[in-house]
>>> print(open('protein36.tsv').read())   # TSV, C-alpha atoms
chain	number	residue	atom	x	y	z
A	1	MET	CA	-85.77	-119.34	-68.00
A	2	ARG	CA	-84.16	-122.60	-69.09
A	3	LYS	CA	-83.75	-123.18	-72.84
A	4	SER	CA	-86.06	-126.22	-72.77
A	5	GLU	CA	-88.80	-124.13	-71.20
A	6	LYS	CA	-88.96	-121.46	-73.85
A	7	SER	CA	-88.18	-123.65	-76.87
A	8	ASN	CA	-89.49	-126.91	-78.22
A	9	ALA	CA	-86.46	-128.82	-76.92
A	10	GLY	CA	-88.67	-131.51	-75.39
A	11	TRP	CA	-90.46	-132.21	-78.69
A	12	ILE	CA	-87.15	-132.15	-80.59
A	13	PHE	CA	-85.76	-134.70	-78.11
A	14	LEU	CA	-88.86	-136.90	-78.59
A	15	GLY	CA	-88.44	-136.53	-82.38
A	16	PHE	CA	-84.85	-137.84	-82.14
A	17	VAL	CA	-85.95	-140.78	-80.02
A	18	ILE	CA	-88.71	-141.63	-82.52
A	19	ILE	CA	-86.17	-141.49	-85.39
A	20	LEU	CA	-83.89	-143.78	-83.34
A	21	ASN	CA	-86.81	-146.20	-82.88
A	22	ILE	CA	-87.47	-146.16	-86.65
A	23	ILE	CA	-83.78	-146.95	-87.32
A	24	MET	CA	-83.85	-149.77	-84.76
A	25	TRP	CA	-87.08	-151.06	-86.36
A	26	ILE	CA	-85.25	-151.31	-89.71
A	27	ILE	CA	-82.38	-153.16	-88.00
A	28	ASN	CA	-84.52	-155.49	-85.86
A	29	SER	CA	-88.29	-155.03	-86.05
A	30	GLU	CA	-89.08	-157.80	-83.53
A	31	LYS	CA	-86.91	-156.39	-80.74
A	32	THR	CA	-88.13	-152.83	-81.45
A	33	ARG	CA	-91.74	-154.05	-81.30
A	34	GLN	CA	-91.00	-155.66	-77.92
A	35	SER	CA	-89.34	-152.47	-76.68
A	36	LEU	CA	-92.34	-150.36	-77.80
A	37	ASN	CA	-94.72	-152.80	-76.06
A	38	TYR	CA	-92.58	-152.48	-72.94
A	39	ALA	CA	-92.67	-148.66	-73.11
A	40	VAL	CA	-96.48	-148.67	-73.55
A	41	LYS	CA	-96.90	-151.08	-70.60
A	42	VAL	CA	-94.71	-148.93	-68.34
A	43	PHE	CA	-96.55	-145.79	-69.50
A	44	MET	CA	-99.94	-147.32	-68.61
A	45	LYS	CA	-98.57	-148.34	-65.23
A	46	ILE	CA	-97.29	-144.85	-64.41
A	47	ILE	CA	-100.38	-142.89	-65.49
A	48	PRO	CA	-101.65	-142.80	-61.85
A	49	ILE	CA	-98.20	-141.55	-60.77
A	50	PHE	CA	-98.35	-138.79	-63.41
A	51	ILE	CA	-101.78	-137.76	-62.07
A	52	PHE	CA	-100.42	-137.82	-58.52
A	53	VAL	CA	-97.44	-135.69	-59.58
A	54	ILE	CA	-99.73	-133.15	-61.33
A	55	VAL	CA	-101.89	-132.88	-58.19
A	56	LEU	CA	-98.74	-132.39	-56.09
A	57	MET	CA	-97.52	-129.71	-58.52
A	58	ILE	CA	-100.83	-127.87	-58.17
A	59	LEU	CA	-100.56	-128.09	-54.36
A	60	VAL	CA	-96.95	-126.86	-54.43
A	61	ASN	CA	-97.93	-123.93	-56.66
A	62	TYR	CA	-100.99	-123.15	-54.56
A	63	PHE	CA	-99.60	-123.44	-51.04
A	64	PHE	CA	-95.90	-122.79	-51.42
A	65	THR	CA	-94.56	-119.42	-52.35
A	66	PRO	CA	-90.78	-119.09	-52.85
A	67	LYS	CA	-90.71	-117.65	-49.33
A	68	THR	CA	-92.41	-120.65	-47.66
A	69	LEU	CA	-90.32	-123.16	-49.61
A	70	LYS	CA	-87.21	-121.29	-48.56
A	71	LYS	CA	-88.31	-121.70	-44.95
A	72	HIS	CA	-88.61	-125.50	-45.25
A	73	ILE	CA	-86.23	-126.82	-47.90
A	74	SER	CA	-83.58	-124.21	-48.66
A	75	LYS	CA	-80.26	-123.82	-46.85
A	76	GLU	CA	-81.95	-121.51	-44.37
A	77	ALA	CA	-84.21	-124.37	-43.22
A	78	GLY	CA	-81.19	-126.05	-41.59
A	79	LYS	CA	-81.03	-129.79	-40.94
A	80	LYS	CA	-84.81	-130.10	-41.29
A	81	ARG	CA	-84.49	-129.94	-45.10
A	82	TRP	CA	-82.43	-133.15	-45.18
A	83	LEU	CA	-84.98	-135.00	-43.08
A	84	ILE	CA	-87.77	-133.85	-45.42
A	85	ALA	CA	-85.70	-134.84	-48.50
A	86	VAL	CA	-84.93	-138.30	-47.07
A	87	ILE	CA	-88.55	-139.06	-46.10
A	88	ALA	CA	-90.04	-137.60	-49.30
A	89	GLY	CA	-87.50	-139.46	-51.44
A	90	ILE	CA	-88.15	-142.78	-49.72
A	91	ILE	CA	-91.96	-142.59	-49.77
A	92	SER	CA	-92.25	-141.27	-53.34
A	93	THR	CA	-93.21	-143.98	-55.83
A	94	GLY	CA	-92.80	-144.58	-59.56
A	95	PRO	CA	-89.87	-143.94	-61.87
A	96	ILE	CA	-87.43	-141.13	-61.09
A	97	TYR	CA	-88.18	-139.18	-64.29
A	98	ALA	CA	-91.88	-138.88	-63.38
A	99	TRP	CA	-90.78	-136.53	-60.59
A	100	TYR	CA	-88.71	-134.17	-62.74
A	101	PRO	CA	-91.64	-131.80	-63.56
A	102	MET	CA	-92.47	-131.33	-59.88
A	103	LEU	CA	-88.83	-130.84	-58.93
A	104	ASN	CA	-88.57	-128.31	-61.74
A	105	GLU	CA	-91.40	-126.34	-60.06
A	106	ILE	CA	-89.56	-126.50	-56.71
A	107	GLN	CA	-86.31	-125.44	-58.38
A	108	LYS	CA	-88.02	-122.43	-59.98
A	109	LYS	CA	-89.07	-121.23	-56.53
A	110	GLY	CA	-85.49	-120.80	-55.32
A	111	ASN	CA	-82.07	-122.38	-55.11
A	112	ASN	CA	-83.15	-125.73	-53.67
A	113	ASN	CA	-80.69	-127.91	-55.58
A	114	GLY	CA	-79.27	-129.59	-52.47
A	115	PHE	CA	-82.73	-130.67	-51.40
A	116	ILE	CA	-83.56	-131.92	-54.93
A	117	ALA	CA	-80.30	-133.93	-55.13
A	118	ALA	CA	-80.91	-135.54	-51.73
A	119	PHE	CA	-84.52	-136.29	-52.71
A	120	LEU	CA	-83.41	-137.94	-55.98
A	121	TYR	CA	-80.76	-140.03	-54.22
A	122	ASN	CA	-83.28	-141.32	-51.70
A	123	ARG	CA	-85.52	-142.45	-54.55
A	124	ALA	CA	-83.11	-145.40	-54.55
A	125	VAL	CA	-84.22	-146.43	-51.06
A	126	LYS	CA	-87.48	-148.31	-51.44
A	127	PRO	CA	-88.90	-150.20	-48.44
A	128	ALA	CA	-91.15	-152.23	-50.77
A	129	LEU	CA	-88.11	-153.65	-52.54
A	130	LEU	CA	-86.24	-154.56	-49.35
A	131	PRO	CA	-87.63	-158.14	-49.13
A	132	LEU	CA	-86.27	-158.84	-52.61
A	133	MET	CA	-82.89	-157.34	-51.73
A	134	ILE	CA	-82.83	-159.45	-48.55
A	135	PHE	CA	-83.67	-162.55	-50.65
A	136	TYR	CA	-80.74	-161.97	-53.01
A	137	PHE	CA	-78.15	-160.35	-50.73
A	138	SER	CA	-79.06	-160.94	-47.02
A	139	LEU	CA	-80.77	-158.84	-44.36
A	140	LYS	CA	-77.49	-157.46	-43.04
A	141	PHE	CA	-76.53	-156.22	-46.51
A	142	ALA	CA	-79.95	-154.59	-47.09
A	143	ILE	CA	-79.90	-152.71	-43.75
A	144	VAL	CA	-76.29	-151.50	-44.09
A	145	LEU	CA	-76.76	-150.40	-47.72
A	146	THR	CA	-79.96	-148.51	-46.84
A	147	ILE	CA	-78.24	-146.61	-44.01
A	148	VAL	CA	-75.18	-145.86	-46.19
A	149	MET	CA	-77.43	-144.58	-49.00
A	150	ILE	CA	-79.33	-142.23	-46.67
A	151	VAL	CA	-76.10	-140.79	-45.23
A	152	LEU	CA	-74.58	-140.38	-48.73
A	153	SER	CA	-77.76	-138.68	-49.98
A	154	ILE	CA	-77.27	-135.91	-47.41
A	155	ILE	CA	-73.56	-135.59	-48.24
A	156	GLN	CA	-74.45	-135.35	-51.92
A	157	GLY	CA	-77.09	-132.72	-51.17
A	158	ILE	CA	-74.54	-130.64	-49.24
A	159	ILE	CA	-71.95	-130.91	-52.05
A	160	ILE	CA	-74.48	-130.00	-54.79
A	161	GLU	CA	-75.76	-127.11	-52.69
A	162	LYS	CA	-72.17	-125.81	-52.31
A	163	ILE	CA	-71.33	-126.28	-56.01
A	164	THR	CA	-74.47	-124.58	-57.31
A	165	GLU	CA	-74.12	-121.81	-54.74
A	166	VAL	CA	-70.52	-121.08	-55.80
A	167	LYS	CA	-71.38	-121.16	-59.48
A	168	LYS	CA	-74.36	-118.88	-59.05
B	1	MET	CA	-113.74	-120.32	-51.23
B	2	LYS	CA	-112.93	-116.66	-51.68
B	3	GLN	CA	-112.75	-115.19	-55.19
B	4	GLN	CA	-109.05	-114.45	-54.60
B	5	ASP	CA	-108.35	-118.09	-53.63
B	6	LYS	CA	-110.28	-119.35	-56.66
B	7	GLY	CA	-108.11	-117.18	-58.88
B	8	LYS	CA	-104.96	-118.47	-57.17
B	9	LEU	CA	-106.12	-122.08	-57.57
B	10	LYS	CA	-106.90	-121.52	-61.25
B	11	ARG	CA	-103.44	-120.01	-61.79
B	12	SER	CA	-101.80	-122.92	-59.94
B	13	ILE	CA	-103.66	-125.47	-62.09
B	14	ILE	CA	-102.77	-123.70	-65.35
B	15	GLN	CA	-99.13	-123.26	-64.32
B	16	SER	CA	-98.83	-126.92	-63.27
B	17	LEU	CA	-100.49	-128.25	-66.42
B	18	LYS	CA	-98.26	-126.04	-68.59
B	19	SER	CA	-95.15	-127.34	-66.79
B	20	PHE	CA	-96.29	-130.91	-67.18
B	21	TYR	CA	-97.09	-130.37	-70.87
B	22	ARG	CA	-93.52	-129.10	-71.39
B	23	ALA	CA	-92.11	-132.14	-69.57
B	24	PHE	CA	-94.41	-134.68	-71.27
B	25	PRO	CA	-92.48	-135.25	-74.56
B	26	ILE	CA	-89.26	-135.60	-72.54
B	27	LEU	CA	-90.83	-138.24	-70.30
B	28	ILE	CA	-92.17	-140.18	-73.31
B	29	GLY	CA	-88.75	-139.96	-74.97
B	30	VAL	CA	-87.08	-141.40	-71.86
B	31	LEU	CA	-89.62	-144.22	-71.72
B	32	LEU	CA	-88.93	-145.15	-75.36
B	33	LEU	CA	-85.16	-145.04	-74.75
B	34	ILE	CA	-85.46	-147.30	-71.71
B	35	GLY	CA	-87.50	-149.72	-73.83
B	36	LEU	CA	-84.72	-149.85	-76.45
B	37	PHE	CA	-82.07	-150.44	-73.78
B	38	GLN	CA	-84.09	-153.28	-72.26
B	39	PHE	CA	-84.18	-155.25	-75.50
B	40	PHE	CA	-80.98	-154.31	-77.34
B	41	MET	CA	-78.51	-154.82	-74.48
B	42	PRO	CA	-77.79	-158.56	-74.19
B	43	LYS	CA	-77.65	-159.65	-70.54
B	44	GLU	CA	-74.98	-162.32	-71.31
B	45	LEU	CA	-72.63	-159.57	-72.43
B	46	LEU	CA	-72.82	-157.94	-69.00
B	47	VAL	CA	-71.39	-160.99	-67.21
B	48	LYS	CA	-68.55	-161.22	-69.75
B	49	LEU	CA	-67.49	-157.61	-69.05
B	50	PHE	CA	-66.40	-158.31	-65.47
B	51	GLN	CA	-62.71	-159.16	-64.97
B	52	LYS	CA	-62.95	-160.71	-61.47
B	53	ASN	CA	-60.69	-157.91	-60.17
B	54	PRO	CA	-62.55	-156.08	-57.34
B	55	ILE	CA	-61.24	-152.59	-58.21
B	56	ILE	CA	-61.77	-152.78	-61.97
B	57	ASP	CA	-65.04	-154.65	-61.45
B	58	SER	CA	-66.44	-151.96	-59.14
B	59	LEU	CA	-65.77	-149.38	-61.87
B	60	ILE	CA	-67.33	-151.69	-64.48
B	61	GLY	CA	-70.27	-152.34	-62.13
B	62	ALA	CA	-70.87	-148.63	-61.52
B	63	GLY	CA	-70.48	-147.94	-65.25
B	64	LEU	CA	-72.93	-150.64	-66.28
B	65	GLY	CA	-75.44	-149.59	-63.65
B	66	SER	CA	-75.19	-146.00	-64.94
B	67	ILE	CA	-75.92	-146.99	-68.54
B	68	LEU	CA	-78.65	-149.54	-67.86
B	69	ALA	CA	-82.10	-148.40	-66.84
B	70	GLY	CA	-85.35	-149.91	-65.71
B	71	ASN	CA	-86.99	-151.33	-62.63
B	72	PRO	CA	-84.58	-151.87	-59.69
B	73	ILE	CA	-85.97	-155.44	-59.42
B	74	THR	CA	-84.14	-156.24	-62.68
B	75	SER	CA	-80.89	-154.99	-61.14
B	76	TYR	CA	-81.38	-157.26	-58.09
B	77	ILE	CA	-81.97	-160.29	-60.32
B	78	LEU	CA	-78.96	-159.43	-62.49
B	79	GLY	CA	-76.87	-158.72	-59.37
B	80	GLY	CA	-77.90	-162.09	-57.89
B	81	GLU	CA	-76.81	-163.83	-61.11
B	82	LEU	CA	-73.48	-161.97	-61.12
B	83	LEU	CA	-72.88	-162.98	-57.49
B	84	LYS	CA	-73.39	-166.65	-58.45
B	85	GLN	CA	-70.79	-166.22	-61.21
B	86	GLY	CA	-68.19	-165.19	-58.63
B	87	ILE	CA	-68.20	-161.42	-59.23
B	88	SER	CA	-67.19	-159.48	-56.08
B	89	LEU	CA	-69.89	-158.07	-53.82
B	90	ILE	CA	-68.30	-154.60	-54.06
B	91	ALA	CA	-68.72	-154.61	-57.86
B	92	ILE	CA	-72.30	-155.85	-57.59
B	93	THR	CA	-73.19	-153.26	-54.93
B	94	ALA	CA	-71.72	-150.49	-57.11
B	95	PHE	CA	-73.83	-151.86	-59.96
B	96	LEU	CA	-77.04	-151.90	-57.83
B	97	VAL	CA	-76.48	-148.39	-56.44
B	98	SER	CA	-75.58	-146.74	-59.75
B	99	TRP	CA	-78.55	-148.47	-61.43
B	100	VAL	CA	-80.89	-146.37	-59.29
B	101	THR	CA	-78.86	-143.22	-58.71
B	102	VAL	CA	-77.12	-142.58	-62.05
B	103	GLY	CA	-79.18	-142.25	-65.21
B	104	ILE	CA	-77.37	-141.84	-68.51
B	105	VAL	CA	-80.62	-142.60	-70.37
B	106	GLN	CA	-82.52	-140.05	-68.28
B	107	LEU	CA	-79.71	-137.47	-68.48
B	108	PRO	CA	-81.25	-135.52	-71.41
B	109	ALA	CA	-84.55	-135.29	-69.52
B	110	GLU	CA	-82.87	-134.32	-66.25
B	111	SER	CA	-80.76	-131.67	-68.05
B	112	MET	CA	-83.76	-130.17	-69.82
B	113	LEU	CA	-85.90	-130.02	-66.69
B	114	LEU	CA	-83.42	-129.44	-63.87
B	115	GLY	CA	-80.50	-127.78	-65.66
B	116	LYS	CA	-77.42	-129.13	-67.43
B	117	LYS	CA	-75.00	-128.23	-64.62
B	118	PHE	CA	-77.20	-129.77	-61.95
B	119	ALA	CA	-77.81	-132.98	-63.93
B	120	ILE	CA	-74.18	-133.54	-64.92
B	121	THR	CA	-72.81	-132.73	-61.45
B	122	ARG	CA	-75.39	-134.95	-59.77
B	123	ASN	CA	-74.77	-137.90	-62.09
B	124	ILE	CA	-70.95	-137.68	-61.85
B	125	LEU	CA	-71.16	-137.45	-58.05
B	126	SER	CA	-73.62	-140.36	-57.94
B	127	PHE	CA	-71.25	-142.49	-60.04
B	128	PHE	CA	-68.41	-142.07	-57.54
B	129	PHE	CA	-70.80	-142.32	-54.60
B	130	ALA	CA	-71.94	-145.71	-55.94
B	131	ILE	CA	-68.37	-147.00	-55.59
B	132	ILE	CA	-67.98	-145.38	-52.15
B	133	ALA	CA	-71.34	-146.82	-51.01
B	134	ALA	CA	-70.26	-150.25	-52.26
B	135	ILE	CA	-66.91	-150.18	-50.44
B	136	ILE	CA	-68.41	-148.95	-47.14
B	137	THR	CA	-71.34	-151.38	-47.29
B	138	VAL	CA	-69.23	-154.46	-47.99
B	139	LEU	CA	-66.64	-153.47	-45.36
B	140	VAL	CA	-69.33	-152.96	-42.70
B	141	VAL	CA	-71.16	-156.18	-43.69
B	142	ASN	CA	-67.88	-158.11	-43.37
B	143	ILE	CA	-67.09	-156.55	-39.97
B	144	ILE	CA	-70.48	-157.02	-38.25
>>> encode(input="protein36.tsv", output="C-alpha cells")
Amino acid sequence: MRKSEKSNAGWIFLGFVIILNIIMWIINSEKTRQSLNYAVKVFMKIIPIFIFVIVLMILVNYFFTPKTLKKHISKEAGKKRWLIAVIAGIISTGPIYAWYPMLNEIQKKGNNNGFIAAFLYNRAVKPALLPLMIFYFSLKFAIVLTIVMIVLSIIQGIIIEKITEVKK
Amino acid sequence: MKQQDKGKLKRSIIQSLKSFYRAFPILIGVLLLIGLFQFFMPKELLVKLFQKNPIIDSLIGAGLGSILAGNPITSYILGGELLKQGISLIAITAFLVSWVTVGIVQLPAESMLLGKKFAITRNILSFFFAIIAAIITVLVVNII
C-alpha cells in the first residue's frame, strides 16, 4: 500500500497549500483573492466530472477484477490496450488530476502503468479544442501534432511499461 | 439483483468512495496551487524569457509549459502571442505540448496517487517528448 493511502499525506499536502495561500495573502491579498475565486470557479465546474469519475470507479470496481483488467489493458492484452488507452484518453473530459483516483484504482488491480501513461498522454488530444488550435496555428499543424501526440503516447506507454517492469 | 451482487455493489461503492475521499484533499490542493500560478506568474515575463534561438527556446518552451498549469486554451492564446513576437514554432509547440503533458504543479498529487517512480518517470519522459513532438511536427508541417 502506498504511503499516501495509509497516512494522512493528502491532508498534510492540503495543509501546506493552505499555509502557502495564507503567506501569499499577506504578500498580495488581491491576487490571492482572485486565485481563490478562480479555484472555486474551476471546482464548481468540475463537480460533474468528479461525480462521473466516482461512478466510473464504482463500475471499474464492480465489473473489473484484476484478472479481467489484465485481459484488456495489461501487457498480455497486446496492441488492443494502446487502442483503448488512446480512445479513452481522447474522449475523457475535465482536468487531468480529476482522473488520478480512478487510475489509482486501475493501478491497484495490476501492473497497468503503460496503459495509464498512454491514457494520460492522450488527455492532451482534445477534439473540442482543435478549432481553436486551427485558428491560432493552422489546420495542417493541428492534424500533424495530433497524430504525433498519439504515436508518442504509445511509445511513452511502452517505455514506462518496460521501466516499471524492470524495477519491479 | 441477487444478494451476492448487491453485496458486491455495496463493496464497490464503499471502496470507490473511500479512494475518492483519500484523493479529495490532494485534488483541492492542486486546484489551489493552479490558482496561485495563474495570478502570480506575470505573462509578460514569459515572452522575455525566450532568446530567439530555436534550440534554447524549445527547452525554455518545454520548461515553461511544464511549470505553468491551467486550461489548454490559455496555452493556445499565449502560444499565439509568442508566435506574433517572432518566437520559433518549435519552441511554441514544445510549450503547448508540455503544458498538457507535464505537470510540475500536479506532481505531488500524481506521486501520492500513482506512485513517485511512475510520476517522476512519466513527467521527465513527457518533458523530452514535448521537444521531440515539437521537432517532428514542425519538420512535417514544413515538408507537406
>>> interface_residues(input="protein36.tsv", of="chain B", to="chain A", cutoff="8 Å", atoms="only C-alpha atoms", output="count of residues only")
55
>>> residues_near_point(input="protein36.tsv", point="(-75.5, -144.6, -65.2)", cutoff="8 Å", atoms="all atoms listed in the file", output="list of chain:residue names")
B:Ala62, B:Gly63, B:Leu64, B:Gly65, B:Ser66, B:Ile67, B:Leu68, B:Ala69, B:Ser98, B:Trp99, B:Thr101, B:Val102, B:Gly103, B:Ile104, B:Val105, B:Asn123, B:Phe127
>>> residues_around(input="protein36.tsv", residues="stretch 76-88 of chain A", least_positions_apart="2", cutoff="8 Å", atoms="all atoms listed in the file", output="number ranges by chain")
A: 70-74, 90-92, 115-116, 118-119, 122, 150, 153-154
>>> write_last_selection(input="protein36.tsv", atoms="C-alpha atoms", output="short mmCIF file (atom, residue, chain, number, x, y, z; two decimals), in the frame of the given file")
data_model
loop_
_atom_site.label_atom_id
_atom_site.label_comp_id
_atom_site.auth_asym_id
_atom_site.auth_seq_id
_atom_site.Cartn_x
_atom_site.Cartn_y
_atom_site.Cartn_z
CA LYS A 70 -87.21 -121.29 -48.56
CA LYS A 71 -88.31 -121.70 -44.95
CA HIS A 72 -88.61 -125.50 -45.25
CA ILE A 73 -86.23 -126.82 -47.90
CA SER A 74 -83.58 -124.21 -48.66
CA ILE A 90 -88.15 -142.78 -49.72
CA ILE A 91 -91.96 -142.59 -49.77
CA SER A 92 -92.25 -141.27 -53.34
CA PHE A 115 -82.73 -130.67 -51.40
CA ILE A 116 -83.56 -131.92 -54.93
CA ALA A 118 -80.91 -135.54 -51.73
CA PHE A 119 -84.52 -136.29 -52.71
CA ASN A 122 -83.28 -141.32 -51.70
CA ILE A 150 -79.33 -142.23 -46.67
CA SER A 153 -77.76 -138.68 -49.98
CA ILE A 154 -77.27 -135.91 -47.41
#
>>> atom_distance(input="protein36.tsv", atom1="atom CA of B:Met41", atom2="atom CA of A:Lys41")
19.2 Å
>>> axis_aligned_box(input="protein36.tsv", around="stretch 97-112 of chain B", padding_each_side="8 Å", output="lines of an AutoDock Vina configuration file")
center_x = -80.1
center_y = -139.3
center_z = -63.9
size_x = 25.0
size_y = 34.3
size_z = 31.0
>>> atom_distance(input="protein36.tsv", atom1="atom CA of B:Gly61", atom2="atom CA of B:Ile90")
8.6 Å
>>> atom_distance(input="protein36.tsv", atom1="atom CA of B:Ile14", atom2="atom CA of B:Leu107")
27.0 Å
>>> build_atoms(input="protein36.tsv", residues="stretch 40-68 of chain B", atoms="N, CA and C atoms", output="short mmCIF file (atom, residue, chain, number, x, y, z; two decimals), keeping the file's coordinate frame")
data_model
loop_
_atom_site.label_atom_id
_atom_site.label_comp_id
_atom_site.auth_asym_id
_atom_site.auth_seq_id
_atom_site.Cartn_x
_atom_site.Cartn_y
_atom_site.Cartn_z
N PHE B 40 -82.15 -154.28 -76.45
CA PHE B 40 -80.98 -154.31 -77.34
C PHE B 40 -79.67 -154.50 -76.58
N MET B 41 -79.73 -154.61 -75.27
CA MET B 41 -78.51 -154.82 -74.48
C MET B 41 -78.51 -156.26 -73.98
N PRO B 42 -77.76 -157.14 -74.62
CA PRO B 42 -77.79 -158.56 -74.19
C PRO B 42 -77.24 -158.75 -72.77
N LYS B 43 -78.02 -159.45 -71.95
CA LYS B 43 -77.65 -159.65 -70.54
C LYS B 43 -76.36 -160.50 -70.41
N GLU B 44 -76.15 -161.42 -71.37
CA GLU B 44 -74.98 -162.32 -71.31
C GLU B 44 -73.69 -161.50 -71.43
N LEU B 45 -73.79 -160.43 -72.20
CA LEU B 45 -72.63 -159.57 -72.43
C LEU B 45 -72.16 -158.92 -71.12
N LEU B 46 -73.13 -158.60 -70.26
CA LEU B 46 -72.82 -157.94 -69.00
C LEU B 46 -71.89 -158.78 -68.15
N VAL B 47 -72.20 -160.09 -68.04
CA VAL B 47 -71.39 -160.99 -67.21
C VAL B 47 -69.97 -161.05 -67.77
N LYS B 48 -69.86 -161.08 -69.11
CA LYS B 48 -68.55 -161.22 -69.75
C LYS B 48 -67.65 -160.00 -69.51
N LEU B 49 -68.27 -158.84 -69.23
CA LEU B 49 -67.49 -157.61 -69.05
C LEU B 49 -66.65 -157.60 -67.78
N PHE B 50 -67.12 -158.33 -66.76
CA PHE B 50 -66.40 -158.31 -65.47
C PHE B 50 -65.11 -159.11 -65.55
N GLN B 51 -64.06 -158.57 -64.88
CA GLN B 51 -62.71 -159.16 -64.97
C GLN B 51 -62.34 -160.00 -63.74
N LYS B 52 -63.22 -160.05 -62.75
CA LYS B 52 -62.95 -160.71 -61.47
C LYS B 52 -61.80 -160.03 -60.70
N ASN B 53 -61.64 -158.73 -60.95
CA ASN B 53 -60.69 -157.91 -60.17
C ASN B 53 -61.57 -156.88 -59.45
N PRO B 54 -61.59 -156.93 -58.08
CA PRO B 54 -62.55 -156.08 -57.34
C PRO B 54 -62.53 -154.60 -57.70
N ILE B 55 -61.32 -154.04 -57.92
CA ILE B 55 -61.24 -152.59 -58.21
C ILE B 55 -61.80 -152.28 -59.61
N ILE B 56 -61.29 -153.01 -60.59
CA ILE B 56 -61.77 -152.78 -61.97
C ILE B 56 -63.26 -153.12 -62.06
N ASP B 57 -63.63 -154.23 -61.39
CA ASP B 57 -65.04 -154.65 -61.45
C ASP B 57 -66.00 -153.64 -60.81
N SER B 58 -65.53 -152.94 -59.75
CA SER B 58 -66.44 -151.96 -59.14
C SER B 58 -66.66 -150.78 -60.09
N LEU B 59 -65.61 -150.44 -60.86
CA LEU B 59 -65.77 -149.38 -61.87
C LEU B 59 -66.69 -149.86 -63.00
N ILE B 60 -66.48 -151.12 -63.42
CA ILE B 60 -67.33 -151.69 -64.48
C ILE B 60 -68.78 -151.77 -63.98
N GLY B 61 -68.92 -152.22 -62.73
CA GLY B 61 -70.27 -152.34 -62.13
C GLY B 61 -70.98 -151.00 -62.09
N ALA B 62 -70.27 -149.97 -61.60
CA ALA B 62 -70.87 -148.63 -61.52
C ALA B 62 -71.18 -148.10 -62.92
N GLY B 63 -70.28 -148.38 -63.87
CA GLY B 63 -70.48 -147.94 -65.25
C GLY B 63 -71.69 -148.59 -65.89
N LEU B 64 -71.80 -149.91 -65.69
CA LEU B 64 -72.93 -150.64 -66.28
C LEU B 64 -74.26 -150.18 -65.67
N GLY B 65 -74.23 -150.04 -64.34
CA GLY B 65 -75.44 -149.59 -63.65
C GLY B 65 -75.87 -148.20 -64.10
N SER B 66 -74.88 -147.37 -64.48
CA SER B 66 -75.19 -146.00 -64.94
C SER B 66 -75.85 -146.02 -66.31
N ILE B 67 -75.40 -146.95 -67.16
CA ILE B 67 -75.92 -146.99 -68.54
C ILE B 67 -77.29 -147.68 -68.57
N LEU B 68 -77.40 -148.77 -67.81
CA LEU B 68 -78.65 -149.54 -67.86
C LEU B 68 -79.76 -148.81 -67.09
#
